[in-house]
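The next block is start-v6.cif, given as mmCIF, C-alpha atoms.
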```
data_model
#
loop_
_atom_site.label_atom_id
_atom_site.label_comp_id
_atom_site.auth_asym_id
_atom_site.auth_seq_id
_atom_site.Cartn_x
_atom_site.Cartn_y
_atom_site.Cartn_z
CA MET A 1 159.10 67.05 39.61
CA GLU A 2 155.66 67.65 38.18
CA ALA A 3 154.16 65.44 40.92
CA GLN A 4 156.04 67.35 43.60
CA SER A 5 154.91 70.70 42.18
CA SER A 6 151.30 69.52 41.96
CA SER A 7 151.43 68.27 45.56
CA GLY A 8 152.92 71.61 46.62
CA LEU A 9 150.11 73.46 44.88
CA VAL A 10 147.52 71.27 46.64
CA LEU A 11 149.12 71.94 50.04
CA SER A 12 149.27 75.67 49.39
CA ARG A 13 145.59 75.66 48.40
CA LYS A 14 144.70 73.75 51.56
CA ARG A 15 146.63 76.26 53.65
CA ARG A 16 144.83 79.13 51.95
CA ARG A 17 141.47 77.49 52.64
CA GLU A 18 142.37 76.84 56.27
CA SER A 19 143.59 80.40 56.74
CA SER A 20 140.48 81.79 55.04
CA THR A 21 138.16 79.66 57.18
CA ARG A 22 140.10 80.68 60.29
CA ASP A 23 139.80 84.33 59.32
CA SER A 24 136.08 83.96 58.59
CA GLU A 25 135.44 82.26 61.97
CA GLU A 26 137.39 84.95 63.76
CA GLY A 27 135.49 87.59 61.78
CA GLU A 28 132.18 86.06 62.85
CA ARG A 29 133.29 86.16 66.47
CA LEU A 30 134.43 89.74 66.15
CA GLY A 31 131.29 90.66 64.23
CA LYS A 32 129.36 90.30 67.47
CA TYR A 33 131.42 93.12 68.96
CA PRO A 34 131.01 96.89 68.33
CA LYS A 35 132.18 98.89 65.35
CA CYS A 36 135.77 98.83 66.52
CA THR A 37 136.17 95.52 64.61
CA PHE A 38 136.61 97.69 61.50
CA TYR A 39 139.70 99.25 63.05
CA ILE A 40 140.99 95.84 64.12
CA ASN A 41 140.90 94.69 60.49
CA LEU A 42 142.95 97.74 59.56
CA TYR A 43 145.48 96.95 62.27
CA ARG A 44 145.87 93.40 60.99
CA ILE A 45 147.14 94.83 57.74
CA ASN A 46 149.76 96.81 59.64
CA SER A 47 152.84 94.58 59.87
CA SER A 48 154.16 96.28 62.99
CA LEU A 49 150.91 95.57 64.85
CA VAL A 50 150.89 91.94 63.74
CA SER A 51 154.46 91.54 64.92
CA LEU A 52 153.54 92.97 68.31
CA ARG A 53 150.62 90.57 68.76
CA PRO A 54 151.58 87.83 71.19
CA ALA A 55 151.13 84.30 69.95
CA ASN A 56 150.89 82.16 73.08
CA ARG A 57 149.33 84.47 75.70
CA PRO A 58 146.32 86.81 76.07
CA VAL A 59 146.53 90.21 74.43
CA ARG A 60 147.09 92.81 77.16
CA VAL A 61 144.89 95.84 76.45
CA TYR A 62 145.12 98.99 78.58
CA ALA A 63 142.31 101.53 79.08
CA ASP A 64 142.58 104.53 81.38
CA GLY A 65 140.26 107.27 82.60
CA ILE A 66 138.81 109.13 85.58
CA PHE A 67 135.59 107.06 85.79
CA ASP A 68 133.85 109.55 88.06
CA VAL A 69 130.18 108.68 88.76
CA PHE A 70 130.62 105.35 86.96
CA HIS A 71 127.83 104.91 84.40
CA SER A 72 126.81 102.80 81.41
CA GLY A 73 129.02 104.78 79.00
CA HIS A 74 132.09 103.74 80.98
CA ALA A 75 130.92 100.12 81.11
CA ARG A 76 130.36 99.98 77.34
CA ALA A 77 133.80 101.45 76.60
CA LEU A 78 135.40 98.77 78.80
CA MET A 79 133.27 96.10 77.14
CA GLN A 80 134.57 97.14 73.71
CA ALA A 81 138.16 97.08 74.98
CA LYS A 82 137.65 93.62 76.45
CA ARG A 83 136.26 92.30 73.16
CA LEU A 84 138.94 93.71 70.89
CA PHE A 85 140.49 90.24 70.63
CA PRO A 86 139.11 86.77 71.39
CA ASN A 87 141.59 86.39 74.28
CA THR A 88 142.07 89.73 76.04
CA HIS A 89 143.45 90.67 79.42
CA LEU A 90 142.00 94.12 80.20
CA ILE A 91 144.03 96.47 82.40
CA VAL A 92 142.27 99.65 83.56
CA GLY A 93 144.20 102.62 84.94
CA VAL A 94 142.40 105.09 87.23
CA CYS A 95 143.98 108.49 87.93
CA SER A 96 144.29 109.77 91.48
CA ASP A 97 142.41 112.73 92.96
CA ASP A 98 145.46 115.03 92.95
CA LEU A 99 146.22 114.41 89.28
CA THR A 100 142.56 114.70 88.26
CA HIS A 101 141.96 117.92 90.19
CA LYS A 102 145.10 119.37 88.64
CA TYR A 103 144.32 118.62 84.97
CA LYS A 104 140.55 118.13 84.79
CA GLY A 105 138.75 119.47 87.84
CA PHE A 106 137.00 118.45 90.99
CA THR A 107 135.37 115.00 91.11
CA VAL A 108 132.16 113.85 92.75
CA MET A 109 133.65 110.54 93.91
CA ASN A 110 137.02 110.25 95.59
CA GLU A 111 139.76 108.01 94.25
CA ASP A 112 138.97 105.06 96.55
CA GLU A 113 135.33 105.04 95.44
CA ARG A 114 136.40 105.19 91.80
CA TYR A 115 138.91 102.35 92.25
CA ASP A 116 136.23 100.22 93.88
CA ALA A 117 133.67 100.97 91.13
CA ILE A 118 136.12 99.82 88.42
CA ARG A 119 137.12 96.73 90.38
CA HIS A 120 133.49 95.54 90.39
CA CYS A 121 133.08 95.85 86.62
CA ARG A 122 132.97 92.35 85.10
CA TYR A 123 135.03 93.28 82.02
CA VAL A 124 138.06 94.40 84.07
CA ASP A 125 140.85 91.92 84.84
CA GLU A 126 143.31 94.27 86.56
CA VAL A 127 143.15 97.76 88.09
CA VAL A 128 146.14 100.14 88.14
CA ARG A 129 145.81 102.76 90.88
CA ASN A 130 147.31 106.23 90.52
CA ALA A 131 147.65 105.82 86.75
CA PRO A 132 149.75 108.42 84.86
CA TRP A 133 148.08 111.17 82.87
CA THR A 134 150.38 110.55 79.87
CA LEU A 135 151.61 107.05 79.04
CA SER A 136 155.37 106.70 78.98
CA PRO A 137 157.39 103.88 77.33
CA GLU A 138 158.54 102.76 80.78
CA PHE A 139 154.93 102.39 81.94
CA LEU A 140 154.03 100.37 78.82
CA ILE A 141 157.00 98.06 79.32
CA LYS A 142 156.37 97.66 83.06
CA HIS A 143 152.77 96.47 82.56
CA ARG A 144 153.56 94.64 79.27
CA ILE A 145 150.86 96.55 77.43
CA ASP A 146 150.19 95.46 73.84
CA PHE A 147 147.45 97.95 72.91
CA VAL A 148 145.83 101.05 74.39
CA ALA A 149 142.03 101.38 74.02
CA HIS A 150 140.28 104.76 74.08
CA ASP A 151 137.84 106.74 71.94
CA ASP A 152 139.37 108.23 68.79
CA ILE A 153 138.59 111.88 69.64
CA PRO A 154 141.85 113.85 70.23
CA TYR A 155 142.24 114.34 73.98
CA SER A 156 143.99 117.65 74.56
CA SER A 157 145.41 118.03 78.06
CA ALA A 158 148.65 118.70 79.93
CA GLY A 159 149.95 121.02 77.21
CA SER A 160 149.40 118.49 74.40
CA ASP A 161 146.88 118.49 71.57
CA ASP A 162 146.43 114.72 71.90
CA VAL A 163 147.90 112.73 74.79
CA TYR A 164 147.54 109.51 72.75
CA LYS A 165 149.36 110.78 69.65
CA HIS A 166 152.57 108.84 70.31
CA ILE A 167 150.53 105.69 70.97
CA LYS A 168 148.75 106.13 67.63
CA ASP A 169 152.03 106.71 65.84
CA ALA A 170 153.40 103.49 67.31
CA GLY A 171 150.41 101.50 66.00
CA MET A 172 149.32 100.46 69.49
CA PHE A 173 146.06 102.45 69.61
CA ALA A 174 142.70 100.59 69.44
CA PRO A 175 139.78 103.04 69.26
CA THR A 176 136.42 102.47 70.93
CA GLN A 177 133.08 104.16 70.36
CA ARG A 178 131.60 106.68 72.80
CA THR A 179 128.04 106.25 74.06
CA GLU A 180 126.04 109.28 73.01
CA GLY A 181 123.75 110.99 75.50
CA ILE A 182 125.48 110.02 78.71
CA SER A 183 128.64 111.20 80.44
CA THR A 184 129.74 112.38 83.86
CA SER A 185 129.41 116.00 82.75
CA ASP A 186 125.85 115.37 81.54
CA ILE A 187 124.86 113.84 84.88
CA ILE A 188 126.35 116.76 86.83
CA THR A 189 124.57 119.19 84.49
CA ARG A 190 121.21 117.55 85.26
CA ILE A 191 121.84 117.85 89.00
CA VAL A 192 122.86 121.52 88.74
CA ARG A 193 119.92 122.33 86.47
CA ASP A 194 117.41 120.82 88.93
CA TYR A 195 119.29 121.91 92.04
CA ASP A 196 116.18 123.00 94.01
CA VAL A 197 114.43 119.71 93.31
CA TYR A 198 117.33 117.62 94.58
CA VAL A 199 117.87 119.85 97.64
CA ARG A 200 114.21 119.47 98.63
CA ARG A 201 114.47 115.73 97.95
CA ASN A 202 117.42 115.35 100.33
CA LEU A 203 115.82 117.57 102.97
CA GLN A 204 112.82 115.25 102.94
CA ARG A 205 115.13 112.27 103.36
CA GLY A 206 116.63 113.61 106.56
CA TYR A 207 119.68 115.55 105.42
CA THR A 208 120.30 118.79 107.31
CA ALA A 209 120.68 122.19 105.73
CA LYS A 210 124.27 122.29 106.97
CA GLU A 211 125.12 119.04 105.20
CA LEU A 212 123.59 120.39 101.99
CA ASN A 213 125.28 123.80 102.42
CA VAL A 214 121.89 125.54 102.37
CA SER A 215 121.19 128.78 104.26
CA PHE A 216 118.45 129.14 106.88
CA ILE A 217 116.27 131.28 104.61
CA ASN A 218 116.57 128.84 101.70
CA GLU A 219 115.77 125.94 104.00
CA LYS A 220 112.52 127.63 105.09
CA LYS A 221 111.77 128.47 101.48
CA TYR A 222 112.18 124.83 100.42
CA HIS A 223 109.97 123.64 103.29
CA LEU A 224 107.27 126.14 102.27
CA GLN A 225 107.50 125.00 98.64
CA GLU A 226 107.15 121.41 99.78
CA ARG A 227 103.98 122.23 101.72
CA VAL A 228 102.54 124.09 98.74
CA ASP A 229 103.31 121.10 96.54
CA LYS A 230 101.59 118.77 99.02
CA VAL A 231 98.47 120.95 98.92
CA LYS A 232 98.59 120.92 95.12
CA ARG A 233 98.93 117.14 95.11
CA LYS A 234 95.96 116.81 97.46
CA VAL A 235 93.85 119.12 95.28
CA ARG A 236 94.87 117.11 92.23
CA ASP A 237 93.93 113.87 93.97
CA VAL A 238 90.55 115.31 94.98
CA GLU A 239 89.92 116.46 91.41
CA GLU A 240 90.79 113.03 90.05
CA LYS A 241 88.56 111.30 92.60
CA SER A 242 85.70 113.72 91.89
CA LYS A 243 86.08 113.06 88.18
CA GLU A 244 85.94 109.34 88.83
CA PHE A 245 82.85 109.81 91.04
CA VAL A 246 81.08 111.93 88.40
CA GLN A 247 81.93 109.37 85.76
CA LYS A 248 80.52 106.56 87.89
CA VAL A 249 77.34 108.59 88.58
CA GLU A 250 76.93 109.25 84.86
CA GLU A 251 77.34 105.56 84.07
CA LYS A 252 74.80 104.59 86.75
CA SER A 253 72.36 107.30 85.63
CA ILE A 254 72.59 106.05 82.06
CA ASP A 255 71.85 102.52 83.27
CA LEU A 256 68.90 103.76 85.34
CA ILE A 257 67.51 105.73 82.40
CA GLN A 258 67.78 102.71 80.13
CA LYS A 259 66.04 100.47 82.69
CA TRP A 260 63.33 103.12 83.25
CA GLU A 261 62.72 103.33 79.51
CA GLU A 262 62.39 99.55 79.28
CA LYS A 263 60.00 99.40 82.24
CA SER A 264 57.95 102.34 80.93
CA ARG A 265 57.56 100.65 77.52
CA GLU A 266 56.46 97.47 79.26
CA PHE A 267 53.97 99.39 81.47
CA ILE A 268 52.51 101.28 78.50
CA GLY A 269 52.09 98.05 76.56
CA ASN A 270 50.30 96.34 79.46
CA PHE A 271 48.08 99.41 79.97
CA LEU A 272 47.05 99.43 76.33
CA GLN A 273 46.31 95.70 76.43
CA MET A 274 44.02 96.25 79.42
CA PHE A 275 42.42 99.67 78.79
CA GLY A 276 42.90 100.21 75.06
CA PRO A 277 40.06 100.37 72.46
CA GLU A 278 40.37 96.64 71.88
CA GLY A 279 41.58 95.80 75.38
CA ALA A 280 40.56 93.06 77.72
CA LEU A 281 38.52 95.43 79.91
CA LYS A 282 36.19 96.31 77.06
CA HIS A 283 35.49 92.62 76.35
CA MET A 284 34.88 92.01 80.05
CA LEU A 285 32.36 94.90 80.21
CA LYS A 286 30.57 93.62 77.12
CA GLU A 287 30.25 90.14 78.57
CA GLY A 288 29.04 91.50 81.94
CA LYS A 289 26.47 93.75 80.27
CA GLY A 290 25.09 90.85 78.23
CA ARG A 291 24.74 88.66 81.31
CA MET A 292 22.99 91.41 83.27
CA LEU A 293 20.49 92.04 80.44
CA GLN A 294 19.81 88.33 80.14
CA ALA A 295 19.18 88.07 83.88
CA ILE A 296 16.88 91.12 84.04
CA SER A 297 14.67 90.53 80.97
CA PRO A 298 11.55 88.13 81.62
CA ARG A 299 10.90 84.99 79.58
CA GLN A 300 8.15 85.15 76.93
CA SER A 301 4.97 82.94 77.51
CA PRO A 302 4.06 80.38 74.82
CA ASN A 303 1.30 81.28 72.30
CA SER A 304 -0.97 78.17 72.95
CA SER A 305 -1.31 76.22 76.16
CA PRO A 306 -0.60 72.48 75.91
CA THR A 307 -3.49 69.91 76.15
CA ARG A 308 -4.12 67.62 79.10
CA GLU A 309 -2.54 64.66 77.40
CA GLU A 310 0.53 66.68 76.57
CA ARG A 311 0.87 67.91 80.12
CA SER A 312 3.09 65.99 82.43
CA PRO A 313 1.48 64.62 85.57
CA SER A 314 1.60 67.20 88.30
CA PRO A 315 3.71 66.27 91.22
CA THR A 316 2.00 65.78 94.56
CA PHE A 317 3.26 67.49 97.66
CA ARG A 318 3.14 65.62 100.92
CA LEU A 319 4.22 66.64 104.36
CA PRO A 320 7.29 65.06 105.78
CA PHE A 321 5.38 63.09 108.45
CA PHE A 322 3.52 61.01 105.85
CA THR A 323 5.03 57.65 105.02
CA LYS A 324 4.88 58.13 101.30
CA THR A 325 7.31 60.59 99.83
CA SER A 326 6.02 63.09 97.42
CA PRO A 327 7.76 63.64 94.10
CA PRO A 328 9.49 66.98 93.60
CA PRO A 329 7.25 69.83 92.52
CA SER A 330 7.00 70.81 88.93
CA PRO A 331 9.81 73.19 88.10
CA ARG A 332 7.87 74.98 85.40
CA PRO A 333 4.79 76.90 86.61
CA HIS A 334 2.94 78.95 84.03
CA HIS A 335 1.06 82.20 84.24
CA SER A 336 -2.73 82.36 83.94
CA GLY A 337 -3.85 84.43 81.09
CA ALA A 338 -6.52 86.68 82.72
CA ARG A 339 -5.94 86.79 86.45
CA GLY A 340 -2.18 86.85 86.57
CA TYR A 341 -2.05 84.10 89.28
CA LEU A 342 0.16 81.07 89.22
CA ILE A 343 -2.09 78.02 88.97
CA SER A 344 -0.75 74.53 89.14
CA GLU A 345 -2.13 71.47 87.33
CA ASP A 346 -3.31 69.88 90.62
CA ASP A 347 -5.47 72.88 91.33
CA GLU A 348 -7.04 72.57 87.90
CA ASP A 349 -7.79 68.86 88.52
CA GLU A 350 -9.45 69.64 91.84
CA ASP A 351 -11.66 72.28 90.19
CA VAL A 352 -12.72 69.79 87.54
CA ASP A 353 -13.67 67.18 90.22
CA GLU A 354 -15.72 69.68 92.15
CA ASP A 355 -17.70 70.62 89.05
CA GLU A 356 -18.53 66.96 88.37
CA ASP A 357 -19.78 66.45 91.96
CA GLU A 358 -22.10 69.43 91.71
CA GLU A 359 -23.68 68.07 88.53
CA ASN A 360 -24.36 64.71 90.09
#
```
Show me the file's structure as structure tokens.
Amino acid sequence: MEAQSSSGLVLSRKRRRESSTRDSEEGERLGKYPKCTFYINLYRINSSLVSLRPANRPVRVYADGIFDVFHSGHARALMQAKRLFPNTHLIVGVCSDDLTHKYKGFTVMNEDERYDAIRHCRYVDEVVRNAPWTLSPEFLIKHRIDFVAHDDIPYSSAGSDDVYKHIKDAGMFAPTQRTEGISTSDIITRIVRDYDVYVRRNLQRGYTAKELNVSFINEKKYHLQERVDKVKRKVRDVEEKSKEFVQKVEEKSIDLIQKWEEKSREFIGNFLQMFGPEGALKHMLKEGKGRMLQAISPRQSPNSSPTREERSPSPTFRLPFFTKTSPPPSPRPHHSGARGYLISEDDEDEDVDEDEDEEN
């Protein structure tokens, strides 16, 4: 008995572990989805909801709406409904134009356009056309709906404070989160607020004033405004181009000034090296002056004339028709002391020979 009880305890513990791991894995999968997983955990506690959950087939979730001007808020709501359970078959009901115009107002898109927009959403598995405004038990049974997904804000319409109240009371309601900042009403408000802008836009694109329901005077007014705006754009473009041109001229002028300063410093330095107080020109003038003075000033005569033995033999000059060549003349003539004539050594020798002949 003790062995059987211990084995039973072990099996029960194993089952608890398996169930806990299964719940944790499913929680991780659902954790990737939006905040509606919090409500799903609450529904699991509800025994009636657990009993309604099918075991061997996908959970059939129903979401309805108008879906006029289909936008990202609609797509996110359908994404949350699709991800309520790991295996979900999403059914989307779209109300007809007559029902919508009766309870909500005029739509931008007609019912066929809205059906087609929902059909191309990747989260949708089935589309129900001409869906009812209030869900009846017969409708739920006909489409085998397990849960109804919609945002949790009470939706008052058709004489009721909340058209989903009976669904909530039955435990079949699965709330989704609204996307803030975007809705069909917000989009229409933007268009109405900037009506003139969008009318001018469509007139430029080829739509006629009749198609836009614009009077003749307003059409001319919009055309005039468009011309004025074109002139303003051209003036703005000219101003921008002129600013760019002035900026380029300033940049080039700065470059030119910098280059001029560099060249001027270089020129001033070269000028000072050439014409400064210690420049090259001054040294050149000094050297030229010294050479000129040296060339102009005469050489001084020696104090005593050399003797005959010290003198070098005077060169003889012969005419070119003589056979014997004469040596080159003496390069160094000297001045006579009294007469101021240039007398060569040969002349002196001839004078001496003449004197000797006269004595004999």
To verify the selection step, state as a VMD selection string which residues the PyMOL selection byres ((chain A and resi 67-84) around 6) yields on this input.
chain A and resid 65 to 66 85 88 90 109 123 149 179
Could you tell me which residues the PyMOL selection byres ((chain A and resi 91) around 7) returns for this structure, as a PyMOL selection string?
chain A and resi 61-63+89-90+92-93+124-127
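Atom CA of A:Gly181 is found 23.9 Å from atom CA of A:Tyr103.
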Explicit residues for the PyMOL selection byres ((chain A and resi 140) around 12) (as a PyMOL selection string)
chain A and resi 60-63+91+93+131-132+134-139+141-148+167+170+172
Same residues, C-alpha atoms, saved as a PDB file, keeping the file's coordinate frame:
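This went into result_14.pdb:
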```pdb
ATOM      1  CA  ARG A  60     147.090  92.810  77.160  1.00  0.00           C
ATOM      2  CA  VAL A  61     144.890  95.840  76.450  1.00  0.00           C
ATOM      3  CA  TYR A  62     145.120  98.990  78.580  1.00  0.00           C
ATOM      4  CA  ALA A  63     142.310 101.530  79.080  1.00  0.00           C
ATOM      5  CA  ILE A  91     144.030  96.470  82.400  1.00  0.00           C
ATOM      6  CA  GLY A  93     144.200 102.620  84.940  1.00  0.00           C
ATOM      7  CA  ALA A 131     147.650 105.820  86.750  1.00  0.00           C
ATOM      8  CA  PRO A 132     149.750 108.420  84.860  1.00  0.00           C
ATOM      9  CA  THR A 134     150.380 110.550  79.870  1.00  0.00           C
ATOM     10  CA  LEU A 135     151.610 107.050  79.040  1.00  0.00           C
ATOM     11  CA  SER A 136     155.370 106.700  78.980  1.00  0.00           C
ATOM     12  CA  PRO A 137     157.390 103.880  77.330  1.00  0.00           C
ATOM     13  CA  GLU A 138     158.540 102.760  80.780  1.00  0.00           C
ATOM     14  CA  PHE A 139     154.930 102.390  81.940  1.00  0.00           C
ATOM     15  CA  ILE A 141     157.000  98.060  79.320  1.00  0.00           C
ATOM     16  CA  LYS A 142     156.370  97.660  83.060  1.00  0.00           C
ATOM     17  CA  HIS A 143     152.770  96.470  82.560  1.00  0.00           C
ATOM     18  CA  ARG A 144     153.560  94.640  79.270  1.00  0.00           C
ATOM     19  CA  ILE A 145     150.860  96.550  77.430  1.00  0.00           C
ATOM     20  CA  ASP A 146     150.190  95.460  73.840  1.00  0.00           C
ATOM     21  CA  PHE A 147     147.450  97.950  72.910  1.00  0.00           C
ATOM     22  CA  VAL A 148     145.830 101.050  74.390  1.00  0.00           C
ATOM     23  CA  ILE A 167     150.530 105.690  70.970  1.00  0.00           C
ATOM     24  CA  ALA A 170     153.400 103.490  67.310  1.00  0.00           C
ATOM     25  CA  MET A 172     149.320 100.460  69.490  1.00  0.00           C
TER      26      MET A 172
END
```
